[in-house]
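Source file: final_1.cif; contents: mmCIF, C-alpha atoms and all ligand atoms.
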```
data_start
#
loop_
_atom_site.label_atom_id
_atom_site.label_comp_id
_atom_site.auth_asym_id
_atom_site.auth_seq_id
_atom_site.Cartn_x
_atom_site.Cartn_y
_atom_site.Cartn_z
CA MET V 1 -55.23 46.70 62.04
CA SER V 2 -51.91 45.86 63.72
CA ASN V 3 -49.22 45.33 61.08
CA ILE V 4 -48.89 43.45 57.81
CA PHE V 5 -45.52 41.81 57.24
CA LEU V 6 -44.72 40.84 53.66
CA ILE V 7 -42.22 38.01 53.48
CA GLY V 8 -40.84 35.94 50.65
CA PHE V 9 -37.86 35.35 48.44
CA MET V 10 -35.94 38.21 46.85
CA GLY V 11 -37.78 39.53 43.82
CA CYS V 12 -41.19 38.19 44.81
CA GLY V 13 -42.56 41.75 44.82
CA LYS V 14 -42.66 42.67 48.52
CA SER V 15 -41.61 46.31 48.05
CA THR V 16 -43.89 46.97 45.09
CA VAL V 17 -46.85 45.39 46.84
CA ALA V 18 -46.09 47.27 50.08
CA VAL V 19 -46.18 50.62 48.25
CA GLU V 20 -49.57 49.79 46.76
CA LEU V 21 -51.00 48.50 50.05
CA GLN V 22 -49.80 51.65 51.76
CA LYS V 23 -51.67 53.80 49.22
CA LEU V 24 -54.83 51.72 49.19
CA TYR V 25 -55.23 51.32 52.93
CA GLU V 26 -53.46 54.40 54.29
CA LEU V 27 -50.89 52.41 56.18
CA GLN V 28 -47.40 53.53 57.13
CA MET V 29 -44.80 51.78 55.06
CA CYS V 30 -41.55 50.29 56.37
CA GLU V 31 -38.92 49.08 53.95
CA MET V 32 -36.61 47.00 56.11
CA ASP V 33 -33.66 46.97 53.73
CA GLN V 34 -33.73 50.76 53.48
CA MET V 35 -33.92 51.09 57.25
CA ILE V 36 -30.86 48.84 57.58
CA VAL V 37 -28.99 50.94 55.02
CA ASP V 38 -29.92 54.11 56.91
CA LYS V 39 -28.82 52.62 60.21
CA ALA V 40 -25.49 51.32 58.89
CA GLN V 41 -24.90 54.29 56.58
CA MET V 42 -23.72 51.79 53.99
CA ASP V 43 -25.43 49.95 51.18
CA ILE V 44 -26.23 46.25 51.56
CA PRO V 45 -23.37 44.85 49.45
CA GLN V 46 -20.94 46.98 51.47
CA ILE V 47 -22.35 45.74 54.79
CA PHE V 48 -21.90 42.13 53.64
CA GLU V 49 -18.43 42.81 52.31
CA VAL V 50 -17.06 44.77 55.25
CA TYR V 51 -18.81 43.15 58.22
CA GLY V 52 -20.22 39.86 56.90
CA GLU V 53 -23.68 38.35 56.74
CA SER V 54 -24.19 37.76 60.46
CA TYR V 55 -23.64 41.46 61.19
CA PHE V 56 -26.26 42.24 58.55
CA ARG V 57 -28.63 39.75 60.22
CA ASP V 58 -28.04 41.45 63.58
CA LEU V 59 -28.99 44.81 62.07
CA GLU V 60 -32.04 43.18 60.49
CA THR V 61 -33.20 41.91 63.89
CA GLU V 62 -32.59 45.32 65.50
CA VAL V 63 -34.58 47.12 62.80
CA LEU V 64 -37.39 44.59 63.14
CA ASN V 65 -37.56 45.19 66.88
CA ASP V 66 -37.88 48.94 66.25
CA ILE V 67 -40.62 48.41 63.66
CA CYS V 68 -42.56 46.23 66.07
CA LYS V 69 -42.93 49.13 68.49
CA CYS V 70 -45.59 50.63 66.18
CA VAL V 71 -48.85 49.49 64.57
CA GLY V 72 -50.73 50.30 61.35
CA GLN V 73 -47.76 49.55 59.13
CA VAL V 74 -47.13 47.47 56.06
CA VAL V 75 -43.62 46.09 56.31
CA SER V 76 -41.59 44.89 53.37
CA CYS V 77 -39.23 42.44 55.06
CA GLY V 78 -35.86 41.40 53.71
CA GLY V 79 -36.01 37.99 52.05
CA GLY V 80 -33.89 36.45 54.81
CA ILE V 81 -36.06 37.55 57.72
CA VAL V 82 -37.26 33.99 58.32
CA LEU V 83 -33.74 32.65 58.74
CA ARG V 84 -33.74 33.55 62.43
CA GLU V 85 -36.44 31.97 64.54
CA ILE V 86 -36.41 34.99 66.86
CA ASN V 87 -37.51 37.23 63.96
CA VAL V 88 -40.37 34.90 63.10
CA SER V 89 -41.60 34.88 66.71
CA LYS V 90 -41.45 38.67 66.73
CA ILE V 91 -43.45 39.20 63.54
CA LYS V 92 -46.01 36.63 64.67
CA GLU V 93 -46.51 38.68 67.84
CA CYS V 94 -46.80 41.99 66.02
CA GLY V 95 -49.00 41.38 62.98
CA SER V 96 -50.18 39.21 60.14
CA ILE V 97 -47.68 37.52 57.89
CA VAL V 98 -48.23 37.36 54.17
CA LEU V 99 -45.96 35.16 52.09
CA LEU V 100 -45.59 36.27 48.47
CA THR V 101 -44.36 33.61 46.08
CA ALA V 102 -43.11 33.58 42.51
CA ARG V 103 -41.66 31.02 40.14
CA PRO V 104 -37.84 30.98 39.86
CA GLU V 105 -38.19 32.22 36.25
CA THR V 106 -40.16 35.23 37.46
CA ILE V 107 -37.62 35.89 40.22
CA LEU V 108 -34.74 35.73 37.76
CA ALA V 109 -36.48 38.14 35.39
CA ARG V 110 -37.02 40.58 38.27
CA VAL V 111 -33.55 40.43 39.87
CA GLY V 112 -31.44 39.64 36.80
CA ASN V 113 -29.98 43.14 36.43
CA ASP V 114 -29.72 43.95 40.09
CA ASN V 115 -26.39 43.95 41.88
CA ASN V 116 -27.69 45.01 45.26
CA ARG V 117 -28.32 41.49 46.58
CA PRO V 118 -25.11 39.82 47.77
CA ILE V 119 -26.88 36.50 48.41
CA LEU V 120 -27.49 36.22 44.66
CA LYS V 121 -24.00 37.21 43.60
CA ASP V 122 -22.95 34.80 40.84
CA LYS V 123 -26.21 32.91 41.39
CA LYS V 124 -28.46 34.62 38.92
CA ASN V 125 -29.59 31.48 37.16
CA ILE V 126 -32.64 29.24 37.52
CA LYS V 127 -30.75 26.35 39.12
CA ASP V 128 -29.15 28.36 41.94
CA ILE V 129 -32.27 30.41 42.59
CA SER V 130 -34.41 27.26 42.72
CA GLU V 131 -31.99 25.62 45.16
CA LEU V 132 -31.94 28.61 47.48
CA MET V 133 -35.71 28.91 47.33
CA GLU V 134 -36.04 25.22 48.12
CA LYS V 135 -33.73 25.58 51.14
CA ARG V 136 -35.83 28.39 52.56
CA GLN V 137 -39.27 27.17 51.54
CA GLU V 138 -40.14 25.37 54.76
CA LYS V 139 -39.28 28.43 56.85
CA TYR V 140 -41.39 30.71 54.67
CA ILE V 141 -44.39 28.39 54.77
CA LYS V 142 -44.10 27.84 58.50
CA ALA V 143 -44.05 31.56 59.20
CA ALA V 144 -46.91 32.52 56.86
CA ASP V 145 -50.51 33.22 57.86
CA VAL V 146 -51.56 33.51 54.23
CA VAL V 147 -49.83 32.78 50.94
CA VAL V 148 -50.34 34.74 47.73
CA GLU V 149 -48.84 33.76 44.38
CA THR V 150 -47.68 36.76 42.39
CA ASP V 151 -46.92 35.28 38.96
CA ASP V 152 -49.03 36.74 36.15
CA LYS V 153 -51.04 39.01 38.48
CA SER V 154 -51.22 42.79 38.64
CA VAL V 155 -50.08 44.56 41.80
CA ARG V 156 -53.69 45.61 42.43
CA GLU V 157 -54.90 41.99 42.13
CA ILE V 158 -52.22 40.84 44.55
CA CYS V 159 -53.23 43.51 47.10
CA GLU V 160 -56.91 42.61 46.83
CA GLU V 161 -56.11 38.94 47.31
CA ILE V 162 -53.99 39.75 50.37
CA ILE V 163 -56.73 41.80 52.01
CA ASP V 164 -59.40 39.28 51.11
CA LYS V 165 -57.39 36.40 52.61
CA LEU V 166 -56.52 38.38 55.74
CA ASN V 167 -60.17 39.37 56.21
CA LYS V 168 -61.24 35.73 55.88
CA ARG V 169 -58.83 34.85 58.67
CA GLY V 170 -60.33 37.62 60.78
CA ALA V 171 -57.05 39.55 60.94
C1 LIG V 201 -31.78 39.01 51.47
C2 LIG V 201 -32.77 39.73 50.84
C3 LIG V 201 -32.66 41.17 50.57
C4 LIG V 201 -31.74 41.84 51.60
C5 LIG V 201 -30.41 41.13 51.65
C6 LIG V 201 -30.55 39.66 52.02
C7 LIG V 201 -31.95 37.55 51.65
O1 LIG V 201 -33.95 41.77 50.63
O2 LIG V 201 -32.34 41.87 52.86
O3 LIG V 201 -29.79 41.29 50.40
O4 LIG V 201 -31.17 36.94 52.39
O5 LIG V 201 -32.92 36.99 51.06
P1 LIG V 201 -35.06 41.63 49.45
O6 LIG V 201 -35.78 40.36 49.67
O7 LIG V 201 -35.91 42.83 49.67
O8 LIG V 201 -34.32 41.66 48.17
#
```
Can the structure in the file be given as structure tokens, please?
Ligand code: S3P
Amino acid sequence: MSNIFLIGFMGCGKSTVAVELQKLYELQMCEMDQMIVDKAQMDIPQIFEVYGESYFRDLETEVLNDICKCVGQVVSCGGGIVLREINVSKIKECGSIVLLTARPETILARVGNDNNRPILKDKKNIKDISELMEKRQEKYIKAADVVVETDDKSVREICEEIIDKLNKRGA
């Protein structure tokens, strides 16, 4: 197996699913956001506040390039990874791409109390989340090899569906 990249909107369950996939299939796990925090020695809201979003996106691309030097990993990507075409080309080269989706209501329930996502600052409502999801949807779909809906499913069910769909593609 090369790598499995989990992509999707904030709160769609990438980190939770990555932890389970790591356990089930003895993969190495990479949590991109954490790697960015480690590299910058600052938390994500601070990076956005002090240096701005494009600096964060540069770090994201750098971390991705480091990750792509190895194989056998499940990678929980930041929700904005698809915003740069260069990132999408890179993950396509280095593994299989799984898009996790969730309804805006589910996303809101999952991120509602979280203040670690600057993109959702003052946007924690169905209308704003739906709009942002809509804006990004085409990029997510274009990047994905397989798509797995996460609403109303257990983490184990989601993992089994991911592996089943990847196997069917011959990944
Ligand atoms: C972002 C998603 C976040 C994090 C940053 C920006 C985005 O990751 O990378 O706050 O633009 O969608 P999660 O999807 O893991 O929350």
### Between atom O4 of ligand LIG 201 (chain V) and CA of Ser96 in chain V - distance in Å to one decimal
20.7 Å
### Task
Just give me the gap between CA of Leu120 in chain V and atom C3 of ligand LIG 201 (chain V) in Å, one decimal is fine.
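If I compute the distance from CA of Leu120 in chain V to atom C3 of ligand LIG 201 (chain V), I get 9.3 Å.
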### Message
Nearest residue to Ile119 in chain V out of V:Ile86, V:Ala102, V:Met133, V:Ile67, using all atoms listed in the file?
### Response
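Of all the options, V:Met133 lies closest to Ile119 in chain V.
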## Note on the structure
CA of Leu100 in chain V sits from CA of Asp152 in chain V at a separation of 12.8 Å
For a cut-off of 10 Å around (-46.5, 37.8, 43.9), file coordinates, pick out all residues using only C-alpha atoms and list them as a PDB file with C-alpha atoms, in the frame of the given file.
```
ATOM      1  CA  GLY V   8     -40.840  35.940  50.650  1.00  0.00           C
ATOM      2  CA  GLY V  11     -37.780  39.530  43.820  1.00  0.00           C
ATOM      3  CA  CYS V  12     -41.190  38.190  44.810  1.00  0.00           C
ATOM      4  CA  GLY V  13     -42.560  41.750  44.820  1.00  0.00           C
ATOM      5  CA  LYS V  14     -42.660  42.670  48.520  1.00  0.00           C
ATOM      6  CA  THR V  16     -43.890  46.970  45.090  1.00  0.00           C
ATOM      7  CA  VAL V  17     -46.850  45.390  46.840  1.00  0.00           C
ATOM      8  CA  LEU V  99     -45.960  35.160  52.090  1.00  0.00           C
ATOM      9  CA  LEU V 100     -45.590  36.270  48.470  1.00  0.00           C
ATOM     10  CA  THR V 101     -44.360  33.610  46.080  1.00  0.00           C
ATOM     11  CA  ALA V 102     -43.110  33.580  42.510  1.00  0.00           C
ATOM     12  CA  ARG V 103     -41.660  31.020  40.140  1.00  0.00           C
ATOM     13  CA  THR V 106     -40.160  35.230  37.460  1.00  0.00           C
ATOM     14  CA  ILE V 107     -37.620  35.890  40.220  1.00  0.00           C
ATOM     15  CA  VAL V 147     -49.830  32.780  50.940  1.00  0.00           C
ATOM     16  CA  VAL V 148     -50.340  34.740  47.730  1.00  0.00           C
ATOM     17  CA  GLU V 149     -48.840  33.760  44.380  1.00  0.00           C
ATOM     18  CA  THR V 150     -47.680  36.760  42.390  1.00  0.00           C
ATOM     19  CA  ASP V 151     -46.920  35.280  38.960  1.00  0.00           C
ATOM     20  CA  ASP V 152     -49.030  36.740  36.150  1.00  0.00           C
ATOM     21  CA  LYS V 153     -51.040  39.010  38.480  1.00  0.00           C
ATOM     22  CA  SER V 154     -51.220  42.790  38.640  1.00  0.00           C
ATOM     23  CA  VAL V 155     -50.080  44.560  41.800  1.00  0.00           C
ATOM     24  CA  GLU V 157     -54.900  41.990  42.130  1.00  0.00           C
ATOM     25  CA  ILE V 158     -52.220  40.840  44.550  1.00  0.00           C
ATOM     26  CA  CYS V 159     -53.230  43.510  47.100  1.00  0.00           C
TER      27      CYS V 159
END
```
Per-residue nearest contacts chain V to ligand LIG 201 (chain V), cut-off 6 Å, using all atoms listed in the file, as a tab-separated table:
```
residue	atom	partner	partner_atom	distance
V:Phe9	CA	V:LIG201	O6	5.6
V:Met10	CA	V:LIG201	O6	3.5
V:Gly11	CA	V:LIG201	O8	6.0
V:Asp33	CA	V:LIG201	O2	5.3
V:Gly78	CA	V:LIG201	O1	3.6
V:Gly79	CA	V:LIG201	O6	3.4
V:Gly80	CA	V:LIG201	O4	3.7
V:Arg117	CA	V:LIG201	O3	4.1
V:Pro118	CA	V:LIG201	O3	5.6
V:Ile119	CA	V:LIG201	O4	5.9
```
### Message
Between V:Ala40, V:Leu166, V:Val74, V:Cys68, which residue has the minimum interatomic distance to Tyr55 in chain V, considering only C-alpha atoms?
### Response
V:Ala40
### Message
List as a PyMOL selection string the protein and nucleic acid residues near Gly95 in chain V, meaning an atom at most 12 Å away when all atoms listed in the file are counted, but skip any in the same chain fewer than 2 places from it.
### Response
chain V and resi 1-6+67-75+88-93+97-98+143-145+166+171
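Take the candidates V:Leu108, V:Ile163, V:Leu59, V:Cys94 and check each one against Ile81 in chain V using all atoms listed in the file; the shortest distance goes to V:Leu59.
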### Query
With distances taken over all atoms listed in the file, which of V:Gln137, V:Asn116, V:Asn167, V:Ser130 is nearest to Met42 in chain V?
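Result for the nearest residue to Met42 in chain V: V:Asn116.
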### Task
Would you mind telling me which residue in V:Asn65, V:Leu132, V:Ser76, V:Lys142 lies nearest to Gln22 in chain V when using all atoms listed in the file?
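Nearest to Gln22 in chain V: V:Ser76.
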### Task
Give me the residues within 12 Å of Lys168 in chain V as number ranges by chain, counting all atoms listed in the file and dropping any in the same chain fewer than 6 places off.
V: 145-146, 161-162
Store the residues picked out above, limited to C-alpha atoms, as a PDB file, in the coordinates of the input.
```pdb
ATOM      1  CA  ASP V 145     -50.510  33.220  57.860  1.00  0.00           C
ATOM      2  CA  VAL V 146     -51.560  33.510  54.230  1.00  0.00           C
ATOM      3  CA  GLU V 161     -56.110  38.940  47.310  1.00  0.00           C
ATOM      4  CA  ILE V 162     -53.990  39.750  50.370  1.00  0.00           C
TER       5      ILE V 162
END
```
Put a box with edges along x, y and z around all the listed atoms of range 55-72 of chain V, pad it by 5 Å on each side, then give me its centre and sizes in Å, one decimal, as AutoDock Vina command-line options.
```
--center_x -37.2 --center_y 45.2 --center_z 63.5 --size_x 37.1 --size_y 20.9 --size_z 19.9
```
Could you pull range 60-74 of chain V out of the structure just shown and give all heavy atoms as a PDB file, in the first residue's frame?
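In the end it all went to result07.pdb:
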```pdb
ATOM      1  N   GLU V  60       1.513  24.253   4.889  1.00  0.00           N
ATOM      2  CA  GLU V  60       0.725  23.050   4.568  1.00  0.00           C
ATOM      3  C   GLU V  60       1.372  22.308   3.382  1.00  0.00           C
ATOM      4  O   GLU V  60       1.541  21.092   3.401  1.00  0.00           O
ATOM      5  CB  GLU V  60      -0.703  23.512   4.226  1.00  0.00           C
ATOM      6  CG  GLU V  60      -1.740  22.431   4.132  1.00  0.00           C
ATOM      7  CD  GLU V  60      -3.144  23.028   4.038  1.00  0.00           C
ATOM      8  OE1 GLU V  60      -3.376  23.982   3.264  1.00  0.00           O
ATOM      9  OE2 GLU V  60      -4.035  22.523   4.745  1.00  0.00           O
ATOM     10  N   THR V  61       1.755  23.069   2.370  1.00  0.00           N
ATOM     11  CA  THR V  61       2.388  22.464   1.189  1.00  0.00           C
ATOM     12  C   THR V  61       3.747  21.852   1.551  1.00  0.00           C
ATOM     13  O   THR V  61       4.075  20.756   1.107  1.00  0.00           O
ATOM     14  CB  THR V  61       2.535  23.518   0.067  1.00  0.00           C
ATOM     15  OG1 THR V  61       1.233  23.995  -0.276  1.00  0.00           O
ATOM     16  CG2 THR V  61       3.188  22.937  -1.179  1.00  0.00           C
ATOM     17  N   GLU V  62       4.500  22.554   2.393  1.00  0.00           N
ATOM     18  CA  GLU V  62       5.814  22.016   2.818  1.00  0.00           C
ATOM     19  C   GLU V  62       5.649  20.704   3.572  1.00  0.00           C
ATOM     20  O   GLU V  62       6.364  19.732   3.327  1.00  0.00           O
ATOM     21  CB  GLU V  62       6.528  23.012   3.749  1.00  0.00           C
ATOM     22  CG  GLU V  62       7.162  24.173   3.035  1.00  0.00           C
ATOM     23  CD  GLU V  62       7.733  25.194   4.029  1.00  0.00           C
ATOM     24  OE1 GLU V  62       8.107  24.830   5.163  1.00  0.00           O
ATOM     25  OE2 GLU V  62       7.783  26.382   3.655  1.00  0.00           O
ATOM     26  N   VAL V  63       4.702  20.685   4.507  1.00  0.00           N
ATOM     27  CA  VAL V  63       4.464  19.474   5.304  1.00  0.00           C
ATOM     28  C   VAL V  63       4.013  18.336   4.392  1.00  0.00           C
ATOM     29  O   VAL V  63       4.457  17.188   4.532  1.00  0.00           O
ATOM     30  CB  VAL V  63       3.427  19.769   6.425  1.00  0.00           C
ATOM     31  CG1 VAL V  63       2.847  18.495   7.000  1.00  0.00           C
ATOM     32  CG2 VAL V  63       4.069  20.586   7.527  1.00  0.00           C
ATOM     33  N   LEU V  64       3.169  18.657   3.442  1.00  0.00           N
ATOM     34  CA  LEU V  64       2.700  17.621   2.507  1.00  0.00           C
ATOM     35  C   LEU V  64       3.879  17.031   1.727  1.00  0.00           C
ATOM     36  O   LEU V  64       3.974  15.807   1.555  1.00  0.00           O
ATOM     37  CB  LEU V  64       1.662  18.218   1.545  1.00  0.00           C
ATOM     38  CG  LEU V  64       1.138  17.246   0.500  1.00  0.00           C
ATOM     39  CD1 LEU V  64       0.379  16.094   1.159  1.00  0.00           C
ATOM     40  CD2 LEU V  64       0.241  17.959  -0.505  1.00  0.00           C
ATOM     41  N   ASN V  65       4.762  17.887   1.279  1.00  0.00           N
ATOM     42  CA  ASN V  65       5.932  17.393   0.531  1.00  0.00           C
ATOM     43  C   ASN V  65       6.775  16.460   1.387  1.00  0.00           C
ATOM     44  O   ASN V  65       7.270  15.444   0.895  1.00  0.00           O
ATOM     45  CB  ASN V  65       6.772  18.561   0.003  1.00  0.00           C
ATOM     46  CG  ASN V  65       6.084  19.248  -1.159  1.00  0.00           C
ATOM     47  OD1 ASN V  65       5.277  18.641  -1.859  1.00  0.00           O
ATOM     48  ND2 ASN V  65       6.376  20.513  -1.360  1.00  0.00           N
ATOM     49  N   ASP V  66       6.918  16.777   2.669  1.00  0.00           N
ATOM     50  CA  ASP V  66       7.670  15.884   3.578  1.00  0.00           C
ATOM     51  C   ASP V  66       6.951  14.548   3.722  1.00  0.00           C
ATOM     52  O   ASP V  66       7.567  13.486   3.658  1.00  0.00           O
ATOM     53  CB  ASP V  66       7.822  16.526   4.968  1.00  0.00           C
ATOM     54  CG  ASP V  66       8.804  17.683   4.947  1.00  0.00           C
ATOM     55  OD1 ASP V  66       9.593  17.774   3.974  1.00  0.00           O
ATOM     56  OD2 ASP V  66       8.777  18.505   5.881  1.00  0.00           O
ATOM     57  N   ILE V  67       5.646  14.601   3.921  1.00  0.00           N
ATOM     58  CA  ILE V  67       4.860  13.370   4.099  1.00  0.00           C
ATOM     59  C   ILE V  67       5.023  12.457   2.884  1.00  0.00           C
ATOM     60  O   ILE V  67       5.153  11.242   3.007  1.00  0.00           O
ATOM     61  CB  ILE V  67       3.363  13.725   4.315  1.00  0.00           C
ATOM     62  CG1 ILE V  67       3.160  14.360   5.687  1.00  0.00           C
ATOM     63  CG2 ILE V  67       2.467  12.493   4.152  1.00  0.00           C
ATOM     64  CD1 ILE V  67       1.777  14.936   5.918  1.00  0.00           C
ATOM     65  N   CYS V  68       5.033  13.074   1.719  1.00  0.00           N
ATOM     66  CA  CYS V  68       5.059  12.293   0.475  1.00  0.00           C
ATOM     67  C   CYS V  68       6.399  11.605   0.218  1.00  0.00           C
ATOM     68  O   CYS V  68       6.531  10.870  -0.750  1.00  0.00           O
ATOM     69  CB  CYS V  68       4.648  13.177  -0.699  1.00  0.00           C
ATOM     70  SG  CYS V  68       2.882  13.503  -0.675  1.00  0.00           S
ATOM     71  N   LYS V  69       7.352  11.821   1.104  1.00  0.00           N
ATOM     72  CA  LYS V  69       8.631  11.106   0.961  1.00  0.00           C
ATOM     73  C   LYS V  69       8.522   9.678   1.481  1.00  0.00           C
ATOM     74  O   LYS V  69       9.416   8.875   1.272  1.00  0.00           O
ATOM     75  CB  LYS V  69       9.739  11.851   1.712  1.00  0.00           C
ATOM     76  CG  LYS V  69      10.085  13.167   1.053  1.00  0.00           C
ATOM     77  CD  LYS V  69      11.121  13.951   1.848  1.00  0.00           C
ATOM     78  CE  LYS V  69      11.340  15.305   1.171  1.00  0.00           C
ATOM     79  NZ  LYS V  69      11.689  16.352   2.133  1.00  0.00           N
ATOM     80  N   CYS V  70       7.436   9.379   2.215  1.00  0.00           N
ATOM     81  CA  CYS V  70       7.286   8.038   2.810  1.00  0.00           C
ATOM     82  C   CYS V  70       6.035   7.341   2.268  1.00  0.00           C
ATOM     83  O   CYS V  70       5.182   7.964   1.642  1.00  0.00           O
ATOM     84  CB  CYS V  70       7.160   8.142   4.320  1.00  0.00           C
ATOM     85  SG  CYS V  70       8.616   8.867   5.074  1.00  0.00           S
ATOM     86  N   VAL V  71       5.952   6.034   2.538  1.00  0.00           N
ATOM     87  CA  VAL V  71       4.771   5.256   2.133  1.00  0.00           C
ATOM     88  C   VAL V  71       4.204   4.518   3.354  1.00  0.00           C
ATOM     89  O   VAL V  71       4.794   4.546   4.425  1.00  0.00           O
ATOM     90  CB  VAL V  71       5.103   4.226   1.025  1.00  0.00           C
ATOM     91  CG1 VAL V  71       5.442   4.919  -0.270  1.00  0.00           C
ATOM     92  CG2 VAL V  71       6.210   3.284   1.464  1.00  0.00           C
ATOM     93  N   GLY V  72       3.051   3.881   3.162  1.00  0.00           N
ATOM     94  CA  GLY V  72       2.440   3.108   4.252  1.00  0.00           C
ATOM     95  C   GLY V  72       1.801   3.974   5.317  1.00  0.00           C
ATOM     96  O   GLY V  72       1.708   3.590   6.476  1.00  0.00           O
ATOM     97  N   GLN V  73       1.343   5.143   4.913  1.00  0.00           N
ATOM     98  CA  GLN V  73       0.786   6.088   5.898  1.00  0.00           C
ATOM     99  C   GLN V  73      -0.688   6.370   5.603  1.00  0.00           C
ATOM    100  O   GLN V  73      -1.113   6.350   4.451  1.00  0.00           O
ATOM    101  CB  GLN V  73       1.528   7.429   5.816  1.00  0.00           C
ATOM    102  CG  GLN V  73       3.031   7.311   5.863  1.00  0.00           C
ATOM    103  CD  GLN V  73       3.714   8.611   5.435  1.00  0.00           C
ATOM    104  OE1 GLN V  73       4.223   9.338   6.253  1.00  0.00           O
ATOM    105  NE2 GLN V  73       3.716   8.910   4.144  1.00  0.00           N
ATOM    106  N   VAL V  74      -1.426   6.652   6.686  1.00  0.00           N
ATOM    107  CA  VAL V  74      -2.743   7.239   6.493  1.00  0.00           C
ATOM    108  C   VAL V  74      -2.604   8.694   6.929  1.00  0.00           C
ATOM    109  O   VAL V  74      -2.116   8.980   8.021  1.00  0.00           O
ATOM    110  CB  VAL V  74      -3.858   6.477   7.261  1.00  0.00           C
ATOM    111  CG1 VAL V  74      -3.572   6.328   8.732  1.00  0.00           C
ATOM    112  CG2 VAL V  74      -5.201   7.166   7.049  1.00  0.00           C
TER     113      VAL V  74
END
```
